[in-house]
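**Q** Dropping a structure here in structure tokens format, bear with me for questions.
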Amino acid sequence: MLNMSRLFFLFCMFLVLTGCYIVPAQQPDPTPAAPPPPPPIWEPLTLRASGQGAPPEKAVNPAQARMMTERAAKLDGYRNLLEQAYGVNISAQSNVRNFILQNDAIRSRVDAYIRGARVVDTIYHEDGGVEVIMEITLGDDFRRMFPR
């Protein structure tokens with residue numbers, strides 16, 4: 001019994017002494033923290049792309065063919081501008097049977113919104129085709145859409 005009370009006393013003293021342990025205070029860092037880097041200054045970026053259109057075979061008259069060709073060239077120019085600004089999503093699928101390629105399909109897709117593009121030049125080719133040169137200036141509005 002005496003041995004048990006002695007053990008209990010030592011255990012209590014151990015708890016009391018460990019509870020009185022003083023944690024050393026942390027010294028302040030003598031070197032000041034570096035200021036954060038300034039935000040980057042963005043310059044406006046101008047993208048330029050061309051679009052091409054071919055006259056449709058089933059046009060009612062030459063005026064309609066020319067207008068449809070111009071529209072196709074302009075839409076192709078929009079798509080090319082979007083590919084430069086946003087990128088292209090490409091998916092591919094290949095079917096192989098008995099180690100022989102049966103079918104190979106590659107698709108590209110652009111899914112975006114564009115505003116402010118303008119036609120810089122329109123070139124009419126002798127074969128009825130039309131080439132349209134387009135450009136767009138991307139400013140801070142565009143940069144804010146892609147935060148880091």
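For the structure tokens, the naming scheme is as follows: chains receive sequential letters (A, B, ...) according to their order of presentation, residues are indexed from 1 within each chain, and ligands are indexed from 1 in presentation order.
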Which residues are close to range 37-47 of chain A, i.e. within 12 Å by only C-alpha atoms, leaving aside same-chain residues fewer than 3 positions away? Reply as a list in words.
**A**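 The neighbour list is Ala33, Ala34, Ser50, Gly77, Tyr78, Asn80, Leu81, Leu82, Glu83, Gln84, Ala85, Tyr86, Gly116, Ala117, Arg118, Val120, Ile133, Met134, Glu135, Ile136, Thr137, Leu138, Gly139, Asp140, Asp141, Phe142, Arg143, Arg144 and Arg148 of chain A.
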**Q** So that I can check the surroundings of Arg66 in chain A, please list as number ranges by chain every protein, DNA and RNA residue that reaches within 12 Å of it, counting only C-alpha atoms and ignoring chain neighbours fewer than 4 positions away.
**A** A: 53-57, 59-62, 70-73, 123-131
**Q** How would the residues just picked look written out with N, CA and C atoms as a compact mmCIF listing (two decimals), in the first residue's frame?
**A**
```txt
# COMPACT_ATOMS: atom_id res chain seq x y z
N GLY A 53 -14.72 31.73 -98.38
CA GLY A 53 -16.00 31.14 -98.74
C GLY A 53 -16.03 30.81 -100.22
N ALA A 54 -16.71 29.73 -100.56
CA ALA A 54 -16.85 29.32 -101.96
C ALA A 54 -18.31 29.50 -102.36
N PRO A 55 -18.56 29.85 -103.62
CA PRO A 55 -19.95 30.06 -104.05
C PRO A 55 -20.71 28.74 -104.05
N PRO A 56 -21.98 28.77 -103.61
CA PRO A 56 -22.78 27.53 -103.61
C PRO A 56 -23.21 27.18 -105.03
N GLU A 57 -23.38 25.90 -105.27
CA GLU A 57 -23.78 25.44 -106.61
C GLU A 57 -25.26 25.68 -106.88
N ALA A 59 -27.31 28.22 -106.07
CA ALA A 59 -27.78 29.59 -105.87
C ALA A 59 -28.78 29.93 -106.98
N VAL A 60 -29.75 30.76 -106.63
CA VAL A 60 -30.78 31.14 -107.60
C VAL A 60 -30.22 32.08 -108.66
N ASN A 61 -29.40 33.03 -108.23
CA ASN A 61 -28.79 33.98 -109.18
C ASN A 61 -27.41 34.37 -108.67
N PRO A 62 -26.60 35.06 -109.48
CA PRO A 62 -25.24 35.42 -109.08
C PRO A 62 -25.18 36.33 -107.85
N GLU A 70 -19.97 35.62 -99.36
CA GLU A 70 -19.45 36.61 -98.40
C GLU A 70 -19.80 36.21 -96.97
N ARG A 71 -21.02 35.75 -96.76
CA ARG A 71 -21.46 35.34 -95.42
C ARG A 71 -20.64 34.14 -94.93
N ALA A 72 -20.41 33.18 -95.81
CA ALA A 72 -19.61 32.01 -95.43
C ALA A 72 -18.18 32.41 -95.08
N ALA A 73 -17.62 33.35 -95.85
CA ALA A 73 -16.25 33.82 -95.56
C ALA A 73 -16.19 34.55 -94.22
N ILE A 123 -11.63 40.38 -100.30
CA ILE A 123 -10.97 40.10 -101.58
C ILE A 123 -11.87 39.16 -102.38
N TYR A 124 -12.22 39.59 -103.59
CA TYR A 124 -13.05 38.78 -104.48
C TYR A 124 -12.14 38.08 -105.49
N HIS A 125 -12.21 36.75 -105.53
CA HIS A 125 -11.37 35.98 -106.45
C HIS A 125 -12.11 35.76 -107.77
N GLU A 126 -11.35 35.44 -108.81
CA GLU A 126 -11.93 35.27 -110.15
C GLU A 126 -12.88 34.07 -110.22
N ASP A 127 -12.63 33.04 -109.41
CA ASP A 127 -13.48 31.85 -109.47
C ASP A 127 -14.78 32.01 -108.68
N GLY A 128 -15.04 33.19 -108.12
CA GLY A 128 -16.26 33.45 -107.37
C GLY A 128 -16.07 33.33 -105.86
N GLY A 129 -14.90 32.87 -105.43
CA GLY A 129 -14.62 32.76 -104.01
C GLY A 129 -14.36 34.13 -103.39
N VAL A 130 -14.55 34.21 -102.09
CA VAL A 130 -14.35 35.46 -101.36
C VAL A 130 -13.46 35.18 -100.16
N GLU A 131 -12.52 36.08 -99.91
CA GLU A 131 -11.67 36.01 -98.73
C GLU A 131 -11.89 37.28 -97.92
```
**Q** Could you pull out the residues in range 80-148 of chain A that DSSP calls strand (DSSP E) from the backbone, as a PyMOL selection string?
**A** chain A and resi 89-97+100-109+118-124+130-138
**Q** Keeping only N, CA and C atoms, take the residues you just selected and write them out as an mmCIF file, in the first residue's frame.
**A**
```
data_model
loop_
_atom_site.group_PDB
_atom_site.id
_atom_site.type_symbol
_atom_site.label_atom_id
_atom_site.label_comp_id
_atom_site.auth_asym_id
_atom_site.auth_seq_id
_atom_site.Cartn_x
_atom_site.Cartn_y
_atom_site.Cartn_z
ATOM 1 N N ASN A 89 -11.275 22.784 -79.288
ATOM 2 C CA ASN A 89 -11.465 21.475 -78.683
ATOM 3 C C ASN A 89 -11.474 20.453 -79.811
ATOM 4 N N ILE A 90 -10.522 19.524 -79.789
ATOM 5 C CA ILE A 90 -10.411 18.531 -80.854
ATOM 6 C C ILE A 90 -10.673 17.153 -80.264
ATOM 7 N N SER A 91 -11.548 16.404 -80.905
ATOM 8 C CA SER A 91 -11.798 15.024 -80.500
ATOM 9 C C SER A 91 -11.587 14.130 -81.718
ATOM 10 N N ALA A 92 -11.062 12.945 -81.461
ATOM 11 C CA ALA A 92 -10.774 12.017 -82.542
ATOM 12 C C ALA A 92 -11.247 10.625 -82.158
ATOM 13 N N GLN A 93 -11.639 9.857 -83.166
ATOM 14 C CA GLN A 93 -12.070 8.491 -82.951
ATOM 15 C C GLN A 93 -11.606 7.657 -84.139
ATOM 16 N N SER A 94 -10.994 6.525 -83.844
ATOM 17 C CA SER A 94 -10.530 5.607 -84.891
ATOM 18 C C SER A 94 -11.104 4.226 -84.628
ATOM 19 N N ASN A 95 -11.590 3.587 -85.671
ATOM 20 C CA ASN A 95 -12.099 2.222 -85.573
ATOM 21 C C ASN A 95 -11.145 1.289 -86.315
ATOM 22 N N VAL A 96 -10.679 0.264 -85.616
ATOM 23 C CA VAL A 96 -9.749 -0.697 -86.194
ATOM 24 C C VAL A 96 -10.365 -2.088 -86.075
ATOM 25 N N ARG A 97 -10.334 -2.841 -87.175
ATOM 26 C CA ARG A 97 -10.815 -4.216 -87.173
ATOM 27 C C ARG A 97 -9.757 -5.079 -87.866
ATOM 28 N N ILE A 100 -6.671 -3.369 -89.168
ATOM 29 C CA ILE A 100 -6.816 -2.500 -90.336
ATOM 30 C C ILE A 100 -7.715 -1.344 -89.944
ATOM 31 N N LEU A 101 -7.291 -0.130 -90.252
ATOM 32 C CA LEU A 101 -8.074 1.057 -89.927
ATOM 33 C C LEU A 101 -9.328 1.086 -90.786
ATOM 34 N N GLN A 102 -10.486 1.082 -90.137
ATOM 35 C CA GLN A 102 -11.767 1.094 -90.838
ATOM 36 C C GLN A 102 -12.300 2.516 -91.015
ATOM 37 N N ASN A 103 -12.199 3.320 -89.948
ATOM 38 C CA ASN A 103 -12.764 4.660 -89.975
ATOM 39 C C ASN A 103 -11.924 5.555 -89.069
ATOM 40 N N ASP A 104 -11.668 6.763 -89.510
ATOM 41 C CA ASP A 104 -10.899 7.724 -88.718
ATOM 42 C C ASP A 104 -11.619 9.069 -88.802
ATOM 43 N N ALA A 105 -12.110 9.557 -87.660
ATOM 44 C CA ALA A 105 -12.866 10.819 -87.635
ATOM 45 C C ALA A 105 -12.209 11.784 -86.657
ATOM 46 N N ILE A 106 -11.948 12.980 -87.137
ATOM 47 C CA ILE A 106 -11.377 14.039 -86.296
ATOM 48 C C ILE A 106 -12.328 15.223 -86.364
ATOM 49 N N ARG A 107 -12.737 15.722 -85.200
ATOM 50 C CA ARG A 107 -13.679 16.838 -85.147
ATOM 51 C C ARG A 107 -13.088 17.959 -84.322
ATOM 52 N N SER A 108 -13.290 19.160 -84.798
ATOM 53 C CA SER A 108 -12.875 20.331 -84.023
ATOM 54 C C SER A 108 -14.119 21.128 -83.667
ATOM 55 N N ARG A 109 -14.067 21.754 -82.486
ATOM 56 C CA ARG A 109 -15.234 22.497 -82.018
ATOM 57 C C ARG A 109 -14.768 23.747 -81.303
ATOM 58 N N ARG A 118 -14.208 43.157 -86.613
ATOM 59 C CA ARG A 118 -14.528 43.993 -87.774
ATOM 60 C C ARG A 118 -13.819 43.463 -89.021
ATOM 61 N N VAL A 119 -14.447 43.683 -90.151
ATOM 62 C CA VAL A 119 -13.881 43.278 -91.436
ATOM 63 C C VAL A 119 -12.904 44.365 -91.874
ATOM 64 N N VAL A 120 -11.663 43.962 -92.102
ATOM 65 C CA VAL A 120 -10.622 44.900 -92.509
ATOM 66 C C VAL A 120 -10.543 44.987 -94.030
ATOM 67 N N ASP A 121 -10.657 43.831 -94.698
ATOM 68 C CA ASP A 121 -10.538 43.799 -96.151
ATOM 69 C C ASP A 121 -11.355 42.643 -96.702
ATOM 70 N N THR A 122 -11.903 42.827 -97.895
ATOM 71 C CA THR A 122 -12.633 41.776 -98.598
ATOM 72 C C THR A 122 -12.014 41.621 -99.971
ATOM 73 N N ILE A 123 -11.635 40.381 -100.298
ATOM 74 C CA ILE A 123 -10.970 40.096 -101.578
ATOM 75 C C ILE A 123 -11.873 39.159 -102.376
ATOM 76 N N TYR A 124 -12.218 39.592 -103.594
ATOM 77 C CA TYR A 124 -13.051 38.782 -104.481
ATOM 78 C C TYR A 124 -12.141 38.085 -105.494
ATOM 79 N N VAL A 130 -14.546 34.214 -102.087
ATOM 80 C CA VAL A 130 -14.355 35.464 -101.357
ATOM 81 C C VAL A 130 -13.458 35.180 -100.157
ATOM 82 N N GLU A 131 -12.519 36.080 -99.912
ATOM 83 C CA GLU A 131 -11.671 36.009 -98.730
ATOM 84 C C GLU A 131 -11.887 37.282 -97.921
ATOM 85 N N VAL A 132 -12.116 37.123 -96.638
ATOM 86 C CA VAL A 132 -12.375 38.248 -95.750
ATOM 87 C C VAL A 132 -11.285 38.277 -94.687
ATOM 88 N N ILE A 133 -10.661 39.434 -94.501
ATOM 89 C CA ILE A 133 -9.675 39.618 -93.440
ATOM 90 C C ILE A 133 -10.391 40.333 -92.295
ATOM 91 N N MET A 134 -10.321 39.732 -91.090
ATOM 92 C CA MET A 134 -11.001 40.292 -89.929
ATOM 93 C C MET A 134 -10.001 40.496 -88.807
ATOM 94 N N GLU A 135 -10.344 41.422 -87.908
ATOM 95 C CA GLU A 135 -9.504 41.615 -86.726
ATOM 96 C C GLU A 135 -10.368 42.012 -85.537
ATOM 97 N N ILE A 136 -9.809 41.750 -84.362
ATOM 98 C CA ILE A 136 -10.458 42.100 -83.110
ATOM 99 C C ILE A 136 -9.376 42.492 -82.120
ATOM 100 N N THR A 137 -9.671 43.482 -81.290
ATOM 101 C CA THR A 137 -8.745 43.901 -80.245
ATOM 102 C C THR A 137 -9.262 43.385 -78.910
ATOM 103 N N LEU A 138 -8.410 42.634 -78.225
ATOM 104 C CA LEU A 138 -8.755 42.069 -76.924
ATOM 105 C C LEU A 138 -8.121 42.924 -75.840
#
```
**Q** Using Å and a single decimal, report how far CA of Gln52 in chain A sits from CA of Lys74 in chain A.
**A** 7.5 Å
**Q** Please, which residues of range 2-140 of chain A, numbered as in this document, come out alpha helix (DSSP H) from DSSP, as a ChimeraX atom specification?
**A** /A:2-19,62-86,140
**Q** Got time to write the residues from that selection, C-alpha atoms, as a compact mmCIF listing (two decimals), in the first residue's frame?
**A**
```
# COMPACT_ATOMS: atom_id res chain seq x y z
CA LEU A 2 2.86 2.31 0.86
CA ASN A 3 4.43 1.54 -2.46
CA MET A 4 1.17 2.36 -4.26
CA SER A 5 0.78 5.73 -2.53
CA ARG A 6 4.39 6.57 -3.34
CA LEU A 7 3.76 5.75 -7.01
CA PHE A 8 0.60 7.87 -6.99
CA PHE A 9 2.52 10.78 -5.40
CA LEU A 10 5.27 10.57 -8.06
CA PHE A 11 2.66 10.49 -10.81
CA CYS A 12 0.91 13.60 -9.43
CA MET A 13 4.24 15.44 -9.13
CA PHE A 14 5.04 14.53 -12.72
CA LEU A 15 1.74 15.99 -13.89
CA VAL A 16 2.23 19.16 -11.88
CA LEU A 17 5.77 19.71 -13.12
CA THR A 18 4.92 19.08 -16.79
CA GLY A 19 1.98 21.47 -16.51
CA PRO A 62 -25.24 35.42 -109.08
CA ALA A 63 -26.18 38.09 -106.51
CA GLN A 64 -27.43 35.46 -104.07
CA ALA A 65 -24.30 33.35 -104.68
CA ARG A 66 -22.06 36.34 -103.94
CA MET A 67 -23.93 37.23 -100.74
CA MET A 68 -23.89 33.64 -99.51
CA THR A 69 -20.18 33.39 -100.30
CA GLU A 70 -19.45 36.61 -98.40
CA ARG A 71 -21.46 35.34 -95.42
CA ALA A 72 -19.61 32.01 -95.43
CA ALA A 73 -16.25 33.82 -95.56
CA LYS A 74 -17.25 36.07 -92.68
CA LEU A 75 -18.40 33.11 -90.54
CA ASP A 76 -15.12 31.33 -91.29
CA GLY A 77 -13.26 34.48 -90.24
CA TYR A 78 -15.19 34.59 -86.95
CA ARG A 79 -14.34 30.94 -86.31
CA ASN A 80 -10.65 31.55 -87.01
CA LEU A 81 -10.61 34.53 -84.63
CA LEU A 82 -12.25 32.44 -81.91
CA GLU A 83 -9.72 29.65 -82.42
CA GLN A 84 -6.90 32.13 -81.79
CA ALA A 85 -8.54 33.74 -78.78
CA TYR A 86 -10.08 30.77 -76.95
CA ASP A 140 -8.85 44.07 -70.15
```
**Q** What does the distance between CA of Met145 in chain A and CA of Pro35 in chain A come to in Å, to one decimal place?
**A**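 Between these atoms lies a distance of 26.2 Å.
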